[in-house]
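This report concerns only the one structure given below.
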Amino acid sequence: MNSSTQWLTVIGRFIAVLLVQVLIVDRIVLFGFANPMVYCYFILLYPLSGNRLWLILSSFSLGLCVDMFNDTGGAHAAAAVFLAWIRPVLLNFAFGVSYQYNTTKVPNAPIGQQIIFVSSAVLIHHLILFSLEAGSWSYWPLVFKSTFITAALSTLILLSAFQLFSRKTT
Amino acid sequence: MQQIIDFFIRNKNFLLFLLLFSFGISLSQKAHSGLYTRNIASSNRISGGIFAQITDIKSYFSLKQRNETLALENARLLAAKHKIKHSDSKDTLSRAGLMPLLDSSNLSVIQAHVINNNYHKRKNTLTIDKGALDGVEMDMGVVSSDGVLGVITHVSDHYCVAQSVLNTNSRIIVKSKKSNHFGTLIWPGDKVDELLLTEIPKIAPIAPGDSLVTDGKSTIFPRGWPVGQVIDIEDAAAQDYLDIRVRPHTDMTDLYHVYLLQRPEAQEIRELENTMTDEL
C-alpha cells in the first residue's frame with residue numbers, strides 16, 4: 001500500500017467511525033447505561049508506521065467531534081488523546097517488539113494478542129472517559145460499573161469490526 | 001539554548017499530548033459547571049442539523065404512536081374546556097389541571113421537538129430543534145403535557161440545548177399538590193425513572209402516591225405544572241428533612257413533542273431580584 005492510499009484510508013476511517021458513533025451507536029444504550037464506544041477503532045488501527053504527532057492530533061479532534069454531539073465538553077477528547085499517546089506501550093505489551101518492525105498488522109495477529117490489546121486500550125479509554133463525564137468522585141461505583149460493562153461491549157464490537165473490515169492480505 | 005530546543009523536539013509528542021489532554025480535561029470540567037463554550041454544545045449548526053435530519057427520518061416510524069399520544073392530550077384538553085364552560089369555580093379548574101393556564105394566562109409557549117436525547121450519562125442534555133430565531137431564550141422551561149423535562153441552557157440561531165431533569169446539576173423547586181410545603185427535586189444520577197425530592201420538612205403531610213407539581217417560586221416554570229408521583233418516603237432519624245423518591249410522569253427515554261415555556265413576568269422578577277442583591 002503506498003502512502004497516498006494510506007492517507008485516504010485514514011481520513012475515510014476518521015469520518016466513518018465518527019458518523020457510525022454519533023448517528024448509530026450513540027442511540028444504543030444497553031441495560032440503561034452501557035453505550036459502546038466504537039470510535040476507538042480509528043485510534044487502534046491507525047497505521048503502525050504512521051506519524052505519532054498526527055495520531056495524537058487526529059485522535060484529539062475525533063474525540064472533540066464526539067464531544068460536540070454528546071455535550072460532554074472535552075471528556076471524549078481527553079480520553080482519546082490519552083489512548084493515542086499510550087498506544088505504543090499497549091502495542092508492545094500485547095504483541096511484543098515485533099510490531100516495531102512493521103511485520104504484523106493488528107487484525108492479522110493471533111486472536112489472544114488482539115484481545116489483550118483491544119481490551120486494555122478500551123479499559124483505559126473508558127475509565128478516563130467515564131471519570132471525566134461523571135465529574136465527581138462520589139459516583140465511583142457507577143463509574144467502575146459502566147467502565148467494565150461498557151468496555152466488554154466495546155471490545156466485542158471492535159474485535160468483530162476488525163474481522164469484518166480489514167483486508168487479510170498484506 | 002540548543003539543549004532546550006533539542007528537548008522540545010525530542011519530546012514533542014509528549015508535550016503535545018500533555019497540552020491536548022489538559023485542554024480536554026479543562027473543557028470537560030467547564031461542561032460540569034455549565035459554562036462551556038457555544039461551539040462545543042450540540043446546538044451548533046453541524047450537529048444540530050445532522051440530528052434534525054435523522055430525527056426527521058426516524059419520526060416517520062413512530063407517527064402512529066405519537067398521533068395517539070397527541071389525540072389523547074387533545075381529548076383531555078377538550079374535556080377540561082367543557083368543564084370550564086359549565087362551571088367557572090376555581091376549584092373545578094384546579095381539579096381539571098388547568099390552574100397553570102389560568103395562573104399566568106399570557107404564558108408564552110413554543111412547540112418544539114427533541115432531536116437528541118441522552119439519559120445514560122450523569123449530565124444529560126436534550127437538543128431541541130428551535131433556536132433564538134424562533135424566540136427561544138436562556139432559562140426557558142421545557143415541559144411535555146404531563147411533566148417537567150428540563151431548562152434551556154444554550155441557544156444558537158436554530159437549535160437549543162436543555163439541561164435534562166436527569167442531570168446531576170438540575171434543581172427544580174416542587175411542592176405537593178395538596179399542601180404548600182416545597183422542596184428541591186434533584187437527580188441522584190443512576191436510575192432514569194427515579195428522582196429525589198429533598199428539603200421537605202418532616203411535618204409535611206405527604207404520602208406515597210401523592211402528586212407533585214412545580215411551585216412557581218422560580219422564574220422558570222409556572223405554578224402547578226405536573227412533575228411526578230411520590231413512590232417512597234425515607235424518614236432518616238438524624239435528619240430534619242424527608243428523602244422522597246419520585247417517579248416522573250414522563251418517560252424520559254422517549255421524548256419527541258415538547259413545549260418551551262416562558263413566564264412573561266420572568267424578566268421583571270429577575271431584574272427585581274438583581275437590584276435587591278445589588279443593594280445588599
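Following the order of the C-alpha cells, chains are lettered A, B, ..., residues in each are numbered from 1, and ligands are numbered from 1.
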
Using only C-alpha atoms, which chain A residues lie at most 10 Å away from chain B, written as a PyMOL selection string?
chain A and resi 19+22-23+26-27+29-35+51-57+60-61+63-82+84-86+128-130+132-136+139+142-143+146

Please identify the helix (DSSP H, G or I) residues within region 73-123 of chain A (assignment by DSSP from backbone atoms) and present them as a PyMOL selection string.
chain A and resi 75-101+106-108+111-123

Interatomic distance between CA of Gly131 (chain B) and CA of Asp56 (chain B)?
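The value is 17.0 Å.
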
For Thr250 (chain B), work out the shell of residues within 9 Å, counting only C-alpha atoms and skipping chain neighbours fewer than 5 positions away, then give it as a list in words.
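Residues meeting the cut-off are Ser144, Ser145, Asp146, Gly147, Val148, Leu149, Asp193, Val227, Gly228 and Leu255 of chain B.
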
Under the rule that only C-alpha atoms are counted, which of B:Arg10, B:Arg247, B:His154, B:Arg66 is the nearest residue to Leu166 (chain B)?
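Smallest separation from Leu166 (chain B) among the options: B:Arg247.
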
Find the residues near Leu159 (chain A): any atom within 12 Å, counting only C-alpha atoms, skip ones fewer than 2 places away on the same chain, and give them as a VMD selection string.
chain A and resid 38 40 to 41 44 to 45 106 to 119 122 151 to 157 161 to 166

If you run DSSP on the backbone, which residues of region 161-239 of chain B are strand (DSSP E), as a PyMOL selection string?
chain B and resi 161-167+172-176+182-186+195-201+211-214+226-234

Mind writing the picked residues with N, CA and C atoms as a short mmCIF file (atom, residue, chain, number, x, y, z; two decimals), in the first residue's frame?
```cif
data_model
loop_
_atom_site.label_atom_id
_atom_site.label_comp_id
_atom_site.auth_asym_id
_atom_site.auth_seq_id
_atom_site.Cartn_x
_atom_site.Cartn_y
_atom_site.Cartn_z
N VAL B 161 -30.05 23.76 23.53
CA VAL B 161 -29.74 22.61 24.38
C VAL B 161 -30.36 22.86 25.75
N ALA B 162 -31.02 21.84 26.27
CA ALA B 162 -31.60 21.97 27.60
C ALA B 162 -30.91 21.01 28.55
N GLN B 163 -30.76 21.46 29.79
CA GLN B 163 -30.27 20.58 30.83
C GLN B 163 -31.47 19.72 31.25
N SER B 164 -31.32 18.41 31.07
CA SER B 164 -32.43 17.50 31.36
C SER B 164 -32.69 17.42 32.85
N VAL B 165 -33.88 16.97 33.23
CA VAL B 165 -34.15 16.70 34.64
C VAL B 165 -33.17 15.63 35.13
N LEU B 166 -32.76 14.73 34.20
CA LEU B 166 -31.79 13.70 34.53
C LEU B 166 -30.37 14.25 34.39
N ASN B 167 -30.08 15.29 35.17
CA ASN B 167 -28.76 15.90 35.15
C ASN B 167 -28.44 16.21 36.59
N ILE B 172 -34.98 21.68 40.71
CA ILE B 172 -36.31 22.22 40.40
C ILE B 172 -37.11 22.27 41.69
N ILE B 173 -37.71 23.42 41.95
CA ILE B 173 -38.49 23.56 43.17
C ILE B 173 -39.90 23.04 42.91
N VAL B 174 -40.31 22.04 43.69
CA VAL B 174 -41.64 21.47 43.51
C VAL B 174 -42.36 21.41 44.85
N LYS B 175 -43.66 21.28 44.79
CA LYS B 175 -44.45 21.17 46.01
C LYS B 175 -45.48 20.05 45.85
N SER B 176 -46.02 19.65 46.97
CA SER B 176 -47.07 18.65 46.93
C SER B 176 -48.33 19.33 46.43
N PHE B 182 -42.73 22.95 50.18
CA PHE B 182 -41.96 22.77 48.95
C PHE B 182 -40.57 22.24 49.23
N GLY B 183 -39.98 21.63 48.22
CA GLY B 183 -38.63 21.08 48.34
C GLY B 183 -37.92 21.15 47.00
N THR B 184 -36.66 20.68 46.97
CA THR B 184 -35.89 20.73 45.74
C THR B 184 -35.81 19.35 45.13
N LEU B 185 -36.12 19.27 43.85
CA LEU B 185 -36.08 17.99 43.15
C LEU B 185 -34.73 17.84 42.47
N ILE B 186 -34.00 16.78 42.82
CA ILE B 186 -32.69 16.56 42.20
C ILE B 186 -32.65 15.17 41.58
N LEU B 195 -36.36 10.22 40.65
CA LEU B 195 -35.79 11.49 41.08
C LEU B 195 -35.88 11.53 42.60
N LEU B 196 -35.18 12.49 43.19
CA LEU B 196 -35.17 12.57 44.64
C LEU B 196 -35.63 13.96 45.08
N LEU B 197 -36.63 13.99 45.92
CA LEU B 197 -37.12 15.27 46.44
C LEU B 197 -36.55 15.47 47.84
N THR B 198 -35.78 16.53 48.00
CA THR B 198 -35.15 16.77 49.30
C THR B 198 -35.71 18.05 49.91
N GLU B 199 -35.35 18.28 51.15
CA GLU B 199 -35.68 19.53 51.85
C GLU B 199 -37.18 19.69 52.13
N ILE B 200 -37.93 18.61 52.09
CA ILE B 200 -39.33 18.67 52.55
C ILE B 200 -39.30 18.42 54.06
N PRO B 201 -39.83 19.35 54.86
CA PRO B 201 -39.77 19.16 56.31
C PRO B 201 -40.59 17.95 56.75
N SER B 211 -49.31 13.45 44.22
CA SER B 211 -48.80 14.09 43.02
C SER B 211 -47.99 15.32 43.39
N LEU B 212 -46.93 15.56 42.63
CA LEU B 212 -46.11 16.74 42.85
C LEU B 212 -46.24 17.67 41.67
N VAL B 213 -46.24 18.98 41.94
CA VAL B 213 -46.34 19.97 40.87
C VAL B 213 -45.27 21.04 41.09
N THR B 214 -44.99 21.82 40.03
CA THR B 214 -44.00 22.88 40.19
C THR B 214 -44.55 23.94 41.12
N PRO B 226 -47.53 19.68 36.32
CA PRO B 226 -47.28 18.36 36.91
C PRO B 226 -45.82 17.92 36.78
N VAL B 227 -45.33 17.19 37.76
CA VAL B 227 -43.95 16.72 37.76
C VAL B 227 -43.88 15.21 37.86
N GLY B 228 -44.48 14.66 38.92
CA GLY B 228 -44.38 13.22 39.10
C GLY B 228 -45.14 12.78 40.32
N GLN B 229 -44.88 11.55 40.72
CA GLN B 229 -45.62 10.94 41.79
C GLN B 229 -44.68 10.40 42.85
N VAL B 230 -45.05 10.57 44.11
CA VAL B 230 -44.23 10.04 45.21
C VAL B 230 -44.34 8.52 45.21
N ILE B 231 -43.17 7.82 45.22
CA ILE B 231 -43.27 6.37 45.28
C ILE B 231 -42.80 5.82 46.62
N ASP B 232 -41.96 6.60 47.33
CA ASP B 232 -41.41 6.04 48.56
C ASP B 232 -40.88 7.19 49.42
N ILE B 233 -41.06 7.09 50.72
CA ILE B 233 -40.57 8.15 51.60
C ILE B 233 -39.61 7.55 52.60
N GLU B 234 -38.44 8.15 52.68
CA GLU B 234 -37.43 7.66 53.61
C GLU B 234 -37.29 8.65 54.75
#
```

Rank nothing, just name the residue among A:Leu48, A:Leu8, A:Leu127, A:Ile28 nearest to Pro141 (chain A), using only C-alpha atoms.
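Using only C-alpha atoms, the shortest distance to Pro141 (chain A) belongs to A:Leu127.
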
Rank B:Asp243, B:Glu265, B:Glu137, B:Asp254 by their smallest atom-to-atom distance to Gly216 (chain B), using only C-alpha atoms, and report the top residue only.
B:Glu265

Exercise: Ala204 (chain B) partners within 9 Å, only C-alpha atoms, chain neighbours under 6 positions left out, as a list in words
Ser179, Asn180 and His181 of chain B

Selection above as a file: all heavy atoms, as a CSV table (one decimal), in the first residue's frame:
```
chain,number,residue,atom,x,y,z
B,179,SER,N,-50.5,20.4,49.6
B,179,SER,CA,-50.2,21.4,50.6
B,179,SER,C,-49.2,22.3,49.9
B,179,SER,O,-48.9,22.2,48.8
B,179,SER,CB,-49.5,20.7,51.8
B,179,SER,OG,-48.3,20.2,51.4
B,180,ASN,N,-48.7,23.3,50.7
B,180,ASN,CA,-47.7,24.3,50.1
B,180,ASN,C,-46.3,24.0,50.6
B,180,ASN,O,-45.5,24.9,50.4
B,180,ASN,CB,-48.2,25.7,50.5
B,180,ASN,CG,-49.2,26.2,49.6
B,180,ASN,OD1,-49.1,25.9,48.4
B,180,ASN,ND2,-50.2,26.9,50.1
B,181,HIS,N,-46.0,22.9,51.2
B,181,HIS,CA,-44.7,22.5,51.6
B,181,HIS,C,-43.9,22.3,50.3
B,181,HIS,O,-44.3,21.5,49.5
B,181,HIS,CB,-44.6,21.3,52.5
B,181,HIS,CG,-45.3,21.5,53.8
B,181,HIS,ND1,-44.7,22.1,54.8
B,181,HIS,CD2,-46.6,21.1,54.2
B,181,HIS,CE1,-45.6,22.2,55.8
B,181,HIS,NE2,-46.7,21.6,55.5
```

Quick check, in Å to one decimal: how far apart do CA of Ala94 (chain A) and CA of Ser49 (chain A) lie?
17.1 Å

So how far away is CA of Ala80 (chain B) from CA of Lys64 (chain B), in Å?
24.5 Å

Would you list the contacts of Trp7 (chain A) as a list in words, taking every protein, DNA or RNA residue within 12 Å and counting only C-alpha atoms, but skipping same-chain residues closer than 2 positions in sequence?
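In the requested form, the answer reads Met1, Asn2, Ser3, Ser4, Thr5, Thr9, Val10, Ile11, Gly12, Arg13, Phe14, Tyr46, Pro47, Ser49, Gly50, Asn51, Trp54 and Leu55 of chain A.
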